[in-house]
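This is structure_4.pdb (PDB, C-alpha atoms).
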```pdb
ATOM      1  CA  MET A 203      39.627 -38.405  14.500
ATOM      2  CA  GLN A 204      36.543 -39.176  12.415
ATOM      3  CA  ASN A 205      36.612 -38.102   8.762
ATOM      4  CA  LYS A 206      33.784 -35.532   8.416
ATOM      5  CA  TYR A 207      32.926 -36.967   4.972
ATOM      6  CA  ILE A 208      32.292 -40.468   6.365
ATOM      7  CA  LYS A 209      29.147 -41.166   8.375
ATOM      8  CA  LYS A 210      29.243 -44.038  10.822
ATOM      9  CA  ASP A 211      25.586 -44.995  10.415
ATOM     10  CA  PHE A 212      22.168 -44.100   8.957
ATOM     11  CA  SER A 213      21.285 -41.619  11.689
ATOM     12  CA  GLU A 214      24.398 -39.488  11.020
ATOM     13  CA  CYS A 215      23.063 -38.823   7.500
ATOM     14  CA  ILE A 216      19.985 -37.046   8.911
ATOM     15  CA  GLY A 217      19.994 -33.245   8.888
ATOM     16  CA  ASN A 218      22.484 -30.668   7.581
ATOM     17  CA  THR A 219      20.336 -30.275   4.468
ATOM     18  CA  PRO A 220      21.149 -27.347   2.159
ATOM     19  CA  LEU A 221      19.109 -24.208   1.602
ATOM     20  CA  ILE A 222      18.207 -23.467  -2.007
ATOM     21  CA  LYS A 223      17.086 -20.081  -3.318
ATOM     22  CA  LEU A 224      13.661 -20.478  -4.942
ATOM     23  CA  LYS A 225      13.694 -18.429  -8.144
ATOM     24  CA  ILE A 226       9.958 -18.333  -8.916
ATOM     25  CA  ALA A 227       8.908 -17.594  -5.332
ATOM     26  CA  SER A 228      11.581 -14.898  -4.979
ATOM     27  CA  GLU A 229      10.544 -13.212  -8.237
ATOM     28  CA  ILE A 230       6.799 -13.219  -7.427
ATOM     29  CA  SER A 231       7.271 -11.949  -3.865
ATOM     30  CA  GLY A 232      10.137  -9.506  -4.399
ATOM     31  CA  CYS A 233      11.941 -11.221  -1.509
ATOM     32  CA  GLU A 234      14.734 -13.756  -1.167
ATOM     33  CA  ILE A 235      12.895 -17.013  -0.524
ATOM     34  CA  TYR A 236      14.862 -20.096   0.456
ATOM     35  CA  GLY A 237      13.716 -23.711   0.702
ATOM     36  CA  LYS A 238      15.298 -26.073   3.233
ATOM     37  CA  CYS A 239      15.858 -29.270   1.224
ATOM     38  CA  GLU A 240      14.401 -31.760   3.697
ATOM     39  CA  PHE A 241      13.670 -34.240   0.877
ATOM     40  CA  LEU A 242      17.446 -34.918   0.933
ATOM     41  CA  ASN A 243      17.257 -36.661   4.320
ATOM     42  CA  PRO A 244      17.962 -40.414   3.920
ATOM     43  CA  GLY A 245      14.322 -41.392   4.543
ATOM     44  CA  GLY A 246      13.258 -38.729   2.044
ATOM     45  CA  SER A 247      11.546 -36.213   4.308
ATOM     46  CA  VAL A 248      11.706 -33.676   7.142
ATOM     47  CA  LYS A 249      10.258 -36.379   9.428
ATOM     48  CA  ASP A 250      13.605 -38.172   9.698
ATOM     49  CA  ARG A 251      14.631 -35.516  12.235
ATOM     50  CA  PRO A 252      11.874 -36.141  14.813
ATOM     51  CA  ALA A 253      12.054 -39.899  14.146
ATOM     52  CA  LEU A 254      15.706 -39.922  15.215
ATOM     53  CA  GLN A 255      15.205 -37.645  18.240
ATOM     54  CA  ILE A 256      12.140 -39.587  19.438
ATOM     55  CA  ILE A 257      14.062 -42.890  19.370
ATOM     56  CA  LYS A 258      17.244 -41.371  20.876
ATOM     57  CA  ASP A 259      15.247 -39.963  23.797
ATOM     58  CA  ALA A 260      13.291 -43.210  24.256
ATOM     59  CA  LEU A 261      16.577 -45.190  24.451
ATOM     60  CA  LYS A 262      17.995 -42.702  26.957
ATOM     61  CA  GLU A 263      14.844 -42.919  29.098
ATOM     62  CA  LYS A 264      14.943 -46.740  28.857
ATOM     63  CA  LYS A 265      11.479 -46.917  27.237
ATOM     64  CA  ILE A 266      12.894 -49.262  24.592
ATOM     65  CA  GLU A 267      16.118 -51.117  23.845
ATOM     66  CA  GLN A 268      17.616 -53.028  20.949
ATOM     67  CA  GLY A 269      15.152 -55.761  19.949
ATOM     68  CA  GLY A 270      12.135 -53.697  21.009
ATOM     69  CA  ILE A 271       9.100 -52.629  18.960
ATOM     70  CA  ILE A 272       8.247 -49.088  17.839
ATOM     71  CA  VAL A 273       4.533 -48.404  17.213
ATOM     72  CA  GLU A 274       3.295 -45.244  15.519
ATOM     73  CA  GLY A 275       0.267 -43.698  13.822
ATOM     74  CA  THR A 276       1.406 -41.624  10.848
ATOM     75  CA  ALA A 277       0.448 -40.128   7.494
ATOM     76  CA  GLY A 278       3.531 -41.965   6.199
ATOM     77  CA  ASN A 279       6.756 -39.992   6.428
ATOM     78  CA  THR A 280       7.320 -40.294  10.197
ATOM     79  CA  GLY A 281       6.618 -44.012   9.841
ATOM     80  CA  ILE A 282       9.286 -44.283   7.144
ATOM     81  CA  GLY A 283      11.787 -42.357   9.300
ATOM     82  CA  LEU A 284      11.032 -44.423  12.421
ATOM     83  CA  SER A 285      11.238 -47.709  10.501
ATOM     84  CA  LEU A 286      14.616 -46.881   8.955
ATOM     85  CA  VAL A 287      16.151 -45.411  12.131
ATOM     86  CA  GLY A 288      14.684 -48.396  14.010
ATOM     87  CA  ASN A 289      16.185 -50.874  11.521
ATOM     88  CA  SER A 290      19.610 -49.258  11.945
ATOM     89  CA  LEU A 291      19.323 -49.703  15.736
ATOM     90  CA  GLY A 292      17.938 -53.256  15.685
ATOM     91  CA  MET A 293      14.254 -52.491  16.344
ATOM     92  CA  LYS A 294      11.082 -53.503  14.537
ATOM     93  CA  SER A 295       8.292 -51.071  13.651
ATOM     94  CA  ILE A 296       4.515 -51.406  13.475
ATOM     95  CA  ILE A 297       3.029 -48.508  11.528
ATOM     96  CA  VAL A 298      -0.662 -47.544  11.533
ATOM     97  CA  MET A 299      -1.750 -45.351   8.622
ATOM     98  CA  PRO A 300      -5.067 -44.146   7.146
ATOM     99  CA  ARG A 301      -5.796 -46.107   3.967
ATOM    100  CA  THR A 302      -6.444 -42.781   2.163
ATOM    101  CA  GLN A 303      -2.699 -42.023   2.026
ATOM    102  CA  SER A 304      -0.787 -42.444  -1.234
ATOM    103  CA  ASP A 305       0.040 -45.920  -2.577
ATOM    104  CA  GLU A 306       3.687 -44.882  -2.868
ATOM    105  CA  LYS A 307       3.971 -44.306   0.893
ATOM    106  CA  LYS A 308       2.316 -47.666   1.605
ATOM    107  CA  LYS A 309       4.798 -49.393  -0.719
ATOM    108  CA  MET A 310       7.726 -47.532   0.824
ATOM    109  CA  LEU A 311       6.739 -48.599   4.346
ATOM    110  CA  LYS A 312       6.562 -52.216   3.213
ATOM    111  CA  LEU A 313       9.988 -51.820   1.547
ATOM    112  CA  CYS A 314      11.307 -50.609   4.911
ATOM    113  CA  GLY A 315      10.132 -53.887   6.443
ATOM    114  CA  ALA A 316       7.509 -52.186   8.618
ATOM    115  CA  ASP A 317       4.432 -54.129   9.734
ATOM    116  CA  LEU A 318       1.871 -51.832   8.077
ATOM    117  CA  ARG A 319      -1.682 -51.668   9.473
ATOM    118  CA  LEU A 320      -4.178 -49.659   7.408
ATOM    119  CA  VAL A 321      -7.266 -48.149   9.047
ATOM    120  CA  ASP A 322     -10.178 -45.984   7.897
ATOM    121  CA  ALA A 323      -9.618 -42.210   7.902
ATOM    122  CA  LEU A 324     -11.592 -41.145  10.974
ATOM    123  CA  PRO A 325     -11.611 -37.945  13.077
ATOM    124  CA  TYR A 326      -9.356 -37.836  16.147
ATOM    125  CA  LYS A 327     -12.321 -38.124  18.538
ATOM    126  CA  ASN A 328     -13.113 -41.584  17.112
ATOM    127  CA  PRO A 329     -11.214 -44.417  18.918
ATOM    128  CA  GLY A 330     -10.554 -45.961  15.476
ATOM    129  CA  ASN A 331      -8.586 -42.864  14.346
ATOM    130  CA  TYR A 332      -5.078 -43.939  13.249
ATOM    131  CA  ILE A 333      -3.307 -42.116  16.107
ATOM    132  CA  ARG A 334      -5.591 -43.494  18.807
ATOM    133  CA  PHE A 335      -5.607 -46.951  17.232
ATOM    134  CA  SER A 336      -1.780 -47.000  17.347
ATOM    135  CA  GLU A 337      -1.835 -46.082  21.065
ATOM    136  CA  THR A 338      -4.314 -48.883  21.878
ATOM    137  CA  LEU A 339      -2.260 -51.323  19.795
ATOM    138  CA  ALA A 340       0.993 -50.384  21.583
ATOM    139  CA  LYS A 341      -0.657 -50.955  24.980
ATOM    140  CA  SER A 342      -1.851 -54.418  23.915
ATOM    141  CA  LEU A 343       1.594 -55.687  22.859
ATOM    142  CA  LYS A 344       4.233 -57.367  25.023
ATOM    143  CA  ASN A 345       7.970 -57.469  24.369
ATOM    144  CA  ASP A 346      10.714 -57.853  26.990
ATOM    145  CA  LYS A 347      12.863 -55.275  25.149
ATOM    146  CA  GLY A 348      10.044 -52.741  25.272
ATOM    147  CA  VAL A 349       7.085 -51.627  23.149
ATOM    148  CA  PHE A 350       7.318 -47.912  22.510
ATOM    149  CA  TRP A 351       4.467 -45.732  21.206
ATOM    150  CA  ALA A 352       6.274 -42.872  19.444
ATOM    151  CA  ASN A 353       3.289 -40.485  19.685
ATOM    152  CA  GLN A 354       4.817 -37.835  17.380
ATOM    153  CA  PHE A 355       1.902 -35.398  17.857
ATOM    154  CA  ASP A 356       2.290 -35.031  21.619
ATOM    155  CA  ASN A 357       5.865 -36.227  22.141
ATOM    156  CA  LEU A 358       7.998 -33.118  22.689
ATOM    157  CA  SER A 359      11.097 -34.867  21.294
ATOM    158  CA  ASN A 360       9.535 -33.924  17.934
ATOM    159  CA  LYS A 361       9.742 -30.176  18.618
ATOM    160  CA  LYS A 362      13.142 -30.678  20.282
ATOM    161  CA  SER A 363      14.595 -32.178  17.068
ATOM    162  CA  HIS A 364      13.855 -28.954  15.160
ATOM    163  CA  TYR A 365      14.987 -26.699  18.021
ATOM    164  CA  LEU A 366      18.319 -28.553  18.166
ATOM    165  CA  THR A 367      18.945 -29.025  14.422
ATOM    166  CA  THR A 368      16.687 -27.319  11.845
ATOM    167  CA  GLY A 369      16.602 -23.897  13.540
ATOM    168  CA  PRO A 370      20.369 -23.660  14.161
ATOM    169  CA  GLU A 371      21.136 -24.891  10.616
ATOM    170  CA  ILE A 372      18.914 -22.178   9.070
ATOM    171  CA  MET A 373      20.481 -19.472  11.257
ATOM    172  CA  ASP A 374      23.979 -20.652  10.397
ATOM    173  CA  GLN A 375      23.288 -21.013   6.654
ATOM    174  CA  LEU A 376      22.038 -17.406   6.390
ATOM    175  CA  ASN A 377      24.720 -15.996   8.734
ATOM    176  CA  SER A 378      21.913 -14.988  11.147
ATOM    177  CA  SER A 379      20.390 -12.745   8.458
ATOM    178  CA  ILE A 380      16.766 -13.956   8.309
ATOM    179  CA  ASP A 381      13.501 -12.004   8.423
ATOM    180  CA  GLY A 382      10.836 -14.720   8.256
ATOM    181  CA  PHE A 383      10.141 -18.439   8.566
ATOM    182  CA  ILE A 384       6.945 -20.147   7.422
ATOM    183  CA  CYS A 385       5.584 -23.663   7.061
ATOM    184  CA  ALA A 386       2.423 -25.713   7.483
ATOM    185  CA  ILE A 387       1.378 -27.538  10.650
ATOM    186  CA  GLY A 388       1.041 -31.318  10.788
ATOM    187  CA  THR A 389       2.143 -32.384  14.268
ATOM    188  CA  GLY A 390       3.373 -28.840  14.944
ATOM    189  CA  GLY A 391       6.932 -29.968  15.691
ATOM    190  CA  THR A 392       8.678 -28.128  12.847
ATOM    191  CA  ILE A 393       7.020 -24.740  13.255
ATOM    192  CA  SER A 394       7.282 -24.723  17.063
ATOM    193  CA  GLY A 395      10.868 -26.011  17.301
ATOM    194  CA  VAL A 396      12.279 -23.794  14.534
ATOM    195  CA  SER A 397      10.354 -20.686  15.637
ATOM    196  CA  GLU A 398      11.386 -21.070  19.281
ATOM    197  CA  PHE A 399      15.060 -21.223  18.293
ATOM    198  CA  LEU A 400      14.814 -18.326  15.815
ATOM    199  CA  LYS A 401      12.839 -16.065  18.192
ATOM    200  CA  GLU A 402      15.432 -16.658  20.940
ATOM    201  CA  LYS A 403      18.123 -15.385  18.569
ATOM    202  CA  ASN A 404      16.052 -12.494  17.165
ATOM    203  CA  LYS A 405      12.529 -11.762  18.409
ATOM    204  CA  ASN A 406      11.823  -9.658  15.270
ATOM    205  CA  ILE A 407      11.876 -12.679  12.945
ATOM    206  CA  THR A 408       8.312 -13.109  11.617
ATOM    207  CA  ILE A 409       6.857 -16.620  11.994
ATOM    208  CA  GLY A 410       4.179 -17.518   9.475
ATOM    209  CA  LEU A 411       1.710 -20.361   9.125
ATOM    210  CA  ALA A 412       0.726 -21.754   5.710
ATOM    211  CA  ASP A 413      -2.487 -23.705   6.243
ATOM    212  CA  PRO A 414      -4.268 -25.978   3.757
ATOM    213  CA  MET A 415      -8.045 -25.771   3.399
ATOM    214  CA  GLY A 416      -9.898 -28.108   5.774
ATOM    215  CA  SER A 417      -7.448 -27.410   8.603
ATOM    216  CA  CYS A 418      -8.449 -25.500  11.758
ATOM    217  CA  MET A 419      -5.097 -23.832  12.377
ATOM    218  CA  HIS A 420      -5.576 -20.625  10.352
ATOM    219  CA  ASN A 421      -8.843 -19.921  12.123
ATOM    220  CA  PHE A 422      -7.392 -20.799  15.525
ATOM    221  CA  PHE A 423      -4.316 -18.577  15.323
ATOM    222  CA  LYS A 424      -6.246 -15.715  13.727
ATOM    223  CA  TYR A 425      -9.555 -15.829  15.608
ATOM    224  CA  GLY A 426      -9.019 -18.242  18.508
ATOM    225  CA  LYS A 427     -11.532 -20.866  17.300
ATOM    226  CA  LEU A 428     -10.849 -24.425  16.096
ATOM    227  CA  LYS A 429     -13.005 -24.166  12.971
ATOM    228  CA  SER A 430     -12.354 -25.301   9.420
ATOM    229  CA  SER A 431     -13.835 -25.015   5.946
ATOM    230  CA  GLY A 432     -13.125 -26.762   2.645
ATOM    231  CA  ASP A 433     -10.756 -29.678   2.184
ATOM    232  CA  SER A 434      -7.348 -30.542   0.745
ATOM    233  CA  ILE A 435      -5.623 -33.439  -1.012
ATOM    234  CA  THR A 436      -2.329 -32.690   0.772
ATOM    235  CA  GLU A 437      -1.076 -35.380   3.162
ATOM    236  CA  GLY A 438       0.528 -35.066   6.583
ATOM    237  CA  ILE A 439      -0.434 -31.409   7.144
ATOM    238  CA  GLY A 440      -3.515 -29.665   8.464
ATOM    239  CA  GLN A 441      -4.636 -30.088  12.059
ATOM    240  CA  GLY A 442      -7.859 -29.980  14.064
ATOM    241  CA  ARG A 443      -6.454 -29.777  17.593
ATOM    242  CA  ILE A 444      -3.671 -28.137  19.571
ATOM    243  CA  THR A 445      -1.092 -30.882  20.014
ATOM    244  CA  LYS A 446       1.469 -30.783  22.851
ATOM    245  CA  ASN A 447       4.061 -29.708  20.265
ATOM    246  CA  LEU A 448       1.927 -26.649  19.429
ATOM    247  CA  GLU A 449       1.401 -25.411  22.973
ATOM    248  CA  ASN A 450       2.964 -21.948  23.455
ATOM    249  CA  VAL A 451       3.927 -21.527  19.785
ATOM    250  CA  ILE A 452       3.921 -17.894  18.599
ATOM    251  CA  ILE A 453       2.518 -17.365  15.082
ATOM    252  CA  ASP A 454       2.749 -13.811  13.736
ATOM    253  CA  GLU A 455       1.055 -14.236  10.342
ATOM    254  CA  CYS A 456      -1.441 -16.828   9.009
ATOM    255  CA  PHE A 457      -2.289 -17.636   5.404
ATOM    256  CA  GLN A 458      -4.708 -20.140   3.904
ATOM    257  CA  VAL A 459      -3.490 -21.864   0.743
ATOM    258  CA  SER A 460      -5.716 -23.761  -1.684
ATOM    259  CA  ASP A 461      -4.739 -26.985  -3.471
ATOM    260  CA  GLU A 462      -4.969 -25.091  -6.788
ATOM    261  CA  GLU A 463      -2.353 -22.558  -5.641
ATOM    262  CA  ALA A 464      -0.101 -25.269  -4.184
ATOM    263  CA  LEU A 465      -0.196 -27.562  -7.229
ATOM    264  CA  SER A 466       0.316 -24.692  -9.675
ATOM    265  CA  ILE A 467       3.588 -23.845  -7.925
ATOM    266  CA  VAL A 468       4.611 -27.537  -7.628
ATOM    267  CA  PHE A 469       4.223 -27.960 -11.404
ATOM    268  CA  LYS A 470       6.112 -24.697 -12.103
ATOM    269  CA  MET A 471       8.951 -25.826  -9.818
ATOM    270  CA  ILE A 472       9.470 -28.924 -11.974
ATOM    271  CA  GLU A 473       9.480 -26.981 -15.240
ATOM    272  CA  VAL A 474      11.589 -24.029 -14.177
ATOM    273  CA  GLU A 475      13.704 -25.207 -11.227
ATOM    274  CA  GLY A 476      13.991 -28.975 -11.720
ATOM    275  CA  LEU A 477      12.550 -29.758  -8.290
ATOM    276  CA  ILE A 478       9.875 -32.463  -7.999
ATOM    277  CA  LEU A 479       8.149 -31.730  -4.692
ATOM    278  CA  GLY A 480       5.109 -32.987  -2.793
ATOM    279  CA  GLY A 481       1.910 -31.016  -2.167
ATOM    280  CA  SER A 482       2.888 -29.865   1.325
ATOM    281  CA  SER A 483       6.008 -28.179  -0.120
ATOM    282  CA  GLY A 484       3.662 -26.388  -2.537
ATOM    283  CA  ILE A 485       1.562 -25.125   0.399
ATOM    284  CA  ASN A 486       4.769 -23.928   2.106
ATOM    285  CA  ILE A 487       6.143 -22.127  -0.972
ATOM    286  CA  VAL A 488       2.839 -20.325  -1.638
ATOM    287  CA  GLY A 489       2.781 -19.391   2.067
ATOM    288  CA  ALA A 490       6.307 -17.974   1.760
ATOM    289  CA  ILE A 491       5.232 -15.873  -1.255
ATOM    290  CA  LYS A 492       2.236 -14.522   0.699
ATOM    291  CA  LEU A 493       4.433 -13.766   3.714
ATOM    292  CA  GLY A 494       6.963 -12.043   1.442
ATOM    293  CA  LYS A 495       4.283  -9.817  -0.059
ATOM    294  CA  LYS A 496       3.124  -8.944   3.460
ATOM    295  CA  ILE A 497       6.512  -8.125   5.055
ATOM    296  CA  GLY A 498       8.680  -7.549   1.916
ATOM    297  CA  PRO A 499      10.380  -6.378  -0.229
ATOM    298  CA  ASN A 500      13.952  -7.785  -0.127
ATOM    299  CA  LYS A 501      13.335  -9.741   3.065
ATOM    300  CA  LYS A 502      14.932 -13.169   3.580
ATOM    301  CA  ILE A 503      12.334 -15.873   4.189
ATOM    302  CA  VAL A 504      12.863 -19.612   4.726
ATOM    303  CA  THR A 505      10.363 -22.429   4.236
ATOM    304  CA  ILE A 506      10.496 -26.222   4.316
ATOM    305  CA  LEU A 507      10.624 -28.448   1.222
ATOM    306  CA  CYS A 508       9.187 -31.413   3.109
ATOM    307  CA  ASP A 509       9.506 -34.357   0.733
ATOM    308  CA  TYR A 510       9.909 -35.500  -2.852
ATOM    309  CA  GLY A 511       6.947 -35.573  -5.247
ATOM    310  CA  THR A 512       7.488 -39.207  -6.286
ATOM    311  CA  LYS A 513       5.698 -40.197  -3.054
ATOM    312  CA  TYR A 514       2.467 -38.790  -4.556
ATOM    313  CA  GLU A 515       2.725 -39.989  -8.138
ATOM    314  CA  SER A 516      -0.666 -41.736  -7.940
ATOM    315  CA  LYS A 517      -2.306 -38.489  -6.823
ATOM    316  CA  ILE A 518      -0.755 -35.160  -7.794
ATOM    317  CA  PHE A 519       0.858 -36.541 -10.974
ATOM    318  CA  ASN A 520      -2.151 -38.613 -11.979
ATOM    319  CA  LYS A 521      -4.231 -36.961 -14.706
ATOM    320  CA  ASN A 522      -7.435 -38.853 -13.808
ATOM    321  CA  PHE A 523      -7.143 -38.019 -10.109
ATOM    322  CA  LEU A 524      -6.544 -34.313 -10.856
ATOM    323  CA  LYS A 525      -9.447 -34.219 -13.313
ATOM    324  CA  GLU A 526     -11.752 -35.877 -10.776
ATOM    325  CA  LYS A 527     -10.786 -33.292  -8.122
ATOM    326  CA  ASN A 528     -11.047 -30.406 -10.587
ATOM    327  CA  LEU A 529      -7.407 -29.447 -10.039
ATOM    328  CA  PRO A 530      -4.814 -28.031 -12.480
ATOM    329  CA  ILE A 531      -3.147 -30.585 -14.753
ATOM    330  CA  PRO A 532       0.430 -29.971 -15.921
ATOM    331  CA  LYS A 533       0.663 -29.871 -19.710
ATOM    332  CA  TRP A 534       3.172 -32.757 -19.892
ATOM    333  CA  LEU A 535       0.589 -35.113 -18.373
TER     334      LEU A 535
END
```
In structure tokens, what does this structure look like?
Amino acid sequence: MQNKYIKKDFSECIGNTPLIKLKIASEISGCEIYGKCEFLNPGGSVKDRPALQIIKDALKEKKIEQGGIIVEGTAGNTGIGLSLVGNSLGMKSIIVMPRTQSDEKKKMLKLCGADLRLVDALPYKNPGNYIRFSETLAKSLKNDKGVFWANQFDNLSNKKSHYLTTGPEIMDQLNSSIDGFICAIGTGGTISGVSEFLKEKNKNITIGLADPMGSCMHNFFKYGKLKSSGDSITEGIGQGRITKNLENVIIDECFQVSDEEALSIVFKMIEVEGLILGGSSGINIVGAIKLGKKIGPNKKIVTILCDYGTKYESKIFNKNFLKEKNLPIPKWL
């Protein structure tokens, strides 16, 4: 019988992350707000879950085998997850990323041994967009063990990973006593997979969307139009189209969150709670506070702490960058 404290490989370390009660968010909202510590996954983010499921399903469907090549367009974290899971299974990864992403993510992908291709940040309708470029690249490559385009935005293995793991973990950790779940949309996998599982268990659980400025999702789920205004420095979240992972998702409440609000909470989290989080976690926490104020008091709400803040040191912890963007600067900088 396998010792439950010993993992047989990298992939077994993914998931089963703890929930942590967020003091500041709980105090402000009058609710019990919990963060799912996804930064504790071995690749450092929530994206390890879909990375593993996408590769597991591709192996099962014989789209790739050991010695094959994984190709993906990513804002960084899914690329890191795919590269590390791929390494552990004897596959190589080619990762396409917009050059606007943080230097730390670029360095991390190179550390993982990924073949990193940087492209200009272009809208999805442009064939040079990082997602579409990665698809074209995958089609142009030949390998007798398979070339697999992971396609996290429209590959339903992404949503499946959260339906099978994140949702059940949250339910189990709170002994089925949960009133709300909220997070931002990047590919849509987390919000759709978790919400589908939670709603099946209790249809009264409120599902919320925390949307950064510049994203179309708030407007779409509130008014039915894919329209956006403003912009955001956050990476990996915000969306301008309905991906396959987002089809049929039910969103009960929508909130827009500014970079100022998100960074203010990120900096407070370091000072008061000892958690160094990325900007998307800030968007999620502010969203959870807004949801708490709407449905509260004393409700139990869960959000996602997507990744660690060290991945954005050159941006959100860079005094010059913050000054240039007219954003709050923590006093210790």
Fill in the blank from the handout: Using all atoms listed in the file, the best pick from A:Lys513, A:Lys347, A:Lys495, A:Lys427 as closest to Ser482 (chain A) would be A:Lys513
Neighbouring residues of Leu291 (chain A) were defined as those with any atom within 12 Å, considering only C-alpha atoms; residues of the same chain fewer than 2 positions away were excluded. Please report them as a tab-separated table (two decimals) with C-alpha atoms, in the frame of the given file.
```tsv
chain	number	residue	atom	x	y	z
A	211	ASP	CA	25.59	-45.00	10.42
A	212	PHE	CA	22.17	-44.10	8.96
A	213	SER	CA	21.28	-41.62	11.69
A	254	LEU	CA	15.71	-39.92	15.22
A	257	ILE	CA	14.06	-42.89	19.37
A	258	LYS	CA	17.24	-41.37	20.88
A	261	LEU	CA	16.58	-45.19	24.45
A	266	ILE	CA	12.89	-49.26	24.59
A	267	GLU	CA	16.12	-51.12	23.84
A	268	GLN	CA	17.62	-53.03	20.95
A	269	GLY	CA	15.15	-55.76	19.95
A	270	GLY	CA	12.14	-53.70	21.01
A	271	ILE	CA	9.10	-52.63	18.96
A	272	ILE	CA	8.25	-49.09	17.84
A	284	LEU	CA	11.03	-44.42	12.42
A	285	SER	CA	11.24	-47.71	10.50
A	286	LEU	CA	14.62	-46.88	8.96
A	287	VAL	CA	16.15	-45.41	12.13
A	288	GLY	CA	14.68	-48.40	14.01
A	289	ASN	CA	16.18	-50.87	11.52
A	293	MET	CA	14.25	-52.49	16.34
A	294	LYS	CA	11.08	-53.50	14.54
A	295	SER	CA	8.29	-51.07	13.65
```
Given all atoms listed in the file, how would the per-residue table for region 403-471 of chain A near region 224-245 of chain A read, listing every residue at most 10 Å away with its closest atom pair and distance in Å to one decimal, sorted by chain and number, as a Markdown table?
```
| residue | atom | partner | partner_atom | distance |
| --- | --- | --- | --- | --- |
| A:Ile467 | CA | A:Ile226 | CA | 8.5 |
| A:Lys470 | CA | A:Ile226 | CA | 8.1 |
| A:Met471 | CA | A:Ile226 | CA | 7.6 |
```
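Distances from A:Lys533, A:Lys210, A:Lys361, A:Lys223 to Asn450 (chain A) were compared using all atoms listed in the file, and the smallest one belongs to A:Lys361.
Between Asp259 (chain A) and the candidates A:Thr389, A:Ser466, A:Ser363, A:Thr276, the tightest atom-to-atom separation, counting only C-alpha atoms, involves A:Ser363.
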Problem - Spatial neighbours of region 484-493 of chain A, max dist 8 Å, only C-alpha atoms, sep filter under 2 positions, as a ChimeraX atom specification - result: /A:227-228,230-231,235,237,382-386,410-414,455,457-461,463-465,467-468,479-482,495-498,503-507
Let me see the file: selected residues, C-alpha atoms, as a tab-separated table (two decimals), in the frame of the given file.
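Written output follows (out-v6.tsv):
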```tsv
chain	number	residue	atom	x	y	z
A	227	ALA	CA	8.91	-17.59	-5.33
A	228	SER	CA	11.58	-14.90	-4.98
A	230	ILE	CA	6.80	-13.22	-7.43
A	231	SER	CA	7.27	-11.95	-3.86
A	235	ILE	CA	12.90	-17.01	-0.52
A	237	GLY	CA	13.72	-23.71	0.70
A	382	GLY	CA	10.84	-14.72	8.26
A	383	PHE	CA	10.14	-18.44	8.57
A	384	ILE	CA	6.94	-20.15	7.42
A	385	CYS	CA	5.58	-23.66	7.06
A	386	ALA	CA	2.42	-25.71	7.48
A	410	GLY	CA	4.18	-17.52	9.48
A	411	LEU	CA	1.71	-20.36	9.12
A	412	ALA	CA	0.73	-21.75	5.71
A	413	ASP	CA	-2.49	-23.70	6.24
A	414	PRO	CA	-4.27	-25.98	3.76
A	455	GLU	CA	1.06	-14.24	10.34
A	457	PHE	CA	-2.29	-17.64	5.40
A	458	GLN	CA	-4.71	-20.14	3.90
A	459	VAL	CA	-3.49	-21.86	0.74
A	460	SER	CA	-5.72	-23.76	-1.68
A	461	ASP	CA	-4.74	-26.98	-3.47
A	463	GLU	CA	-2.35	-22.56	-5.64
A	464	ALA	CA	-0.10	-25.27	-4.18
A	465	LEU	CA	-0.20	-27.56	-7.23
A	467	ILE	CA	3.59	-23.84	-7.92
A	468	VAL	CA	4.61	-27.54	-7.63
A	479	LEU	CA	8.15	-31.73	-4.69
A	480	GLY	CA	5.11	-32.99	-2.79
A	481	GLY	CA	1.91	-31.02	-2.17
A	482	SER	CA	2.89	-29.86	1.32
A	495	LYS	CA	4.28	-9.82	-0.06
A	496	LYS	CA	3.12	-8.94	3.46
A	497	ILE	CA	6.51	-8.12	5.06
A	498	GLY	CA	8.68	-7.55	1.92
A	503	ILE	CA	12.33	-15.87	4.19
A	504	VAL	CA	12.86	-19.61	4.73
A	505	THR	CA	10.36	-22.43	4.24
A	506	ILE	CA	10.50	-26.22	4.32
A	507	LEU	CA	10.62	-28.45	1.22
```
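Here CA of Gly438 (chain A) stands at a distance of 28.6 Å from CA of Lys501 (chain A).
Between CA of Ile297 (chain A) and CA of Arg319 (chain A) the interatomic distance comes to 6.0 Å.
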Kindly list the centre and edge lengths in Å, rounded to one decimal, for the axis-aligned box that covers all listed atoms of region 388-392 of chain A plus 4 Å on each of its six sides, as lines of an AutoDock Vina configuration file.
```
center_x = 4.9
center_y = -30.3
center_z = 13.2
size_x = 15.6
size_y = 12.3
size_z = 12.9
```
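In this comparison, which uses all atoms listed in the file, the residue of A:Val349, A:Ile478, A:Ile531, A:Ala253 approaching Tyr514 (chain A) most closely is A:Ile478.
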Please report, as CSV, each residue of region 353-404 of chain A lying at most 12 Å from region 337-342 of chain A, together with the nearest pair of atoms and the separation in Å rounded to one decimal; use only C-alpha atoms, and order rows by chain and ascending residue number.
```
residue,atom,partner,partner_atom,distance
A:Asn353,CA,A:Glu337,CA,7.7
A:Gln354,CA,A:Glu337,CA,11.2
A:Phe355,CA,A:Glu337,CA,11.8
A:Asp356,CA,A:Glu337,CA,11.8
```
Practice task
Please write the residues picked by the PyMOL selection byres ((chain A and resi 275) around 9) on this file as a PyMOL selection string.
Solution key: chain A and resi 273-274+276-278+280-281+296-300+331-337+351-354
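Restricting the calculation to all atoms listed in the file, the smallest distance between Leu221 (chain A) and any of A:Gln303, A:Asn404, A:Ser359, A:Gln375 is found for A:Gln375.
Applied to the file shown here, the PyMOL selection byres ((chain A and resi 371) around 10) selects A:Gly217, A:Asn218, A:Thr219, A:Pro220, A:Leu221, A:Lys238, A:His364, A:Tyr365, A:Leu366, A:Thr367, A:Thr368, A:Gly369, A:Pro370, A:Ile372, A:Met373, A:Asp374, A:Gln375, A:Leu376, A:Asn377, A:Ser378, A:Val396.
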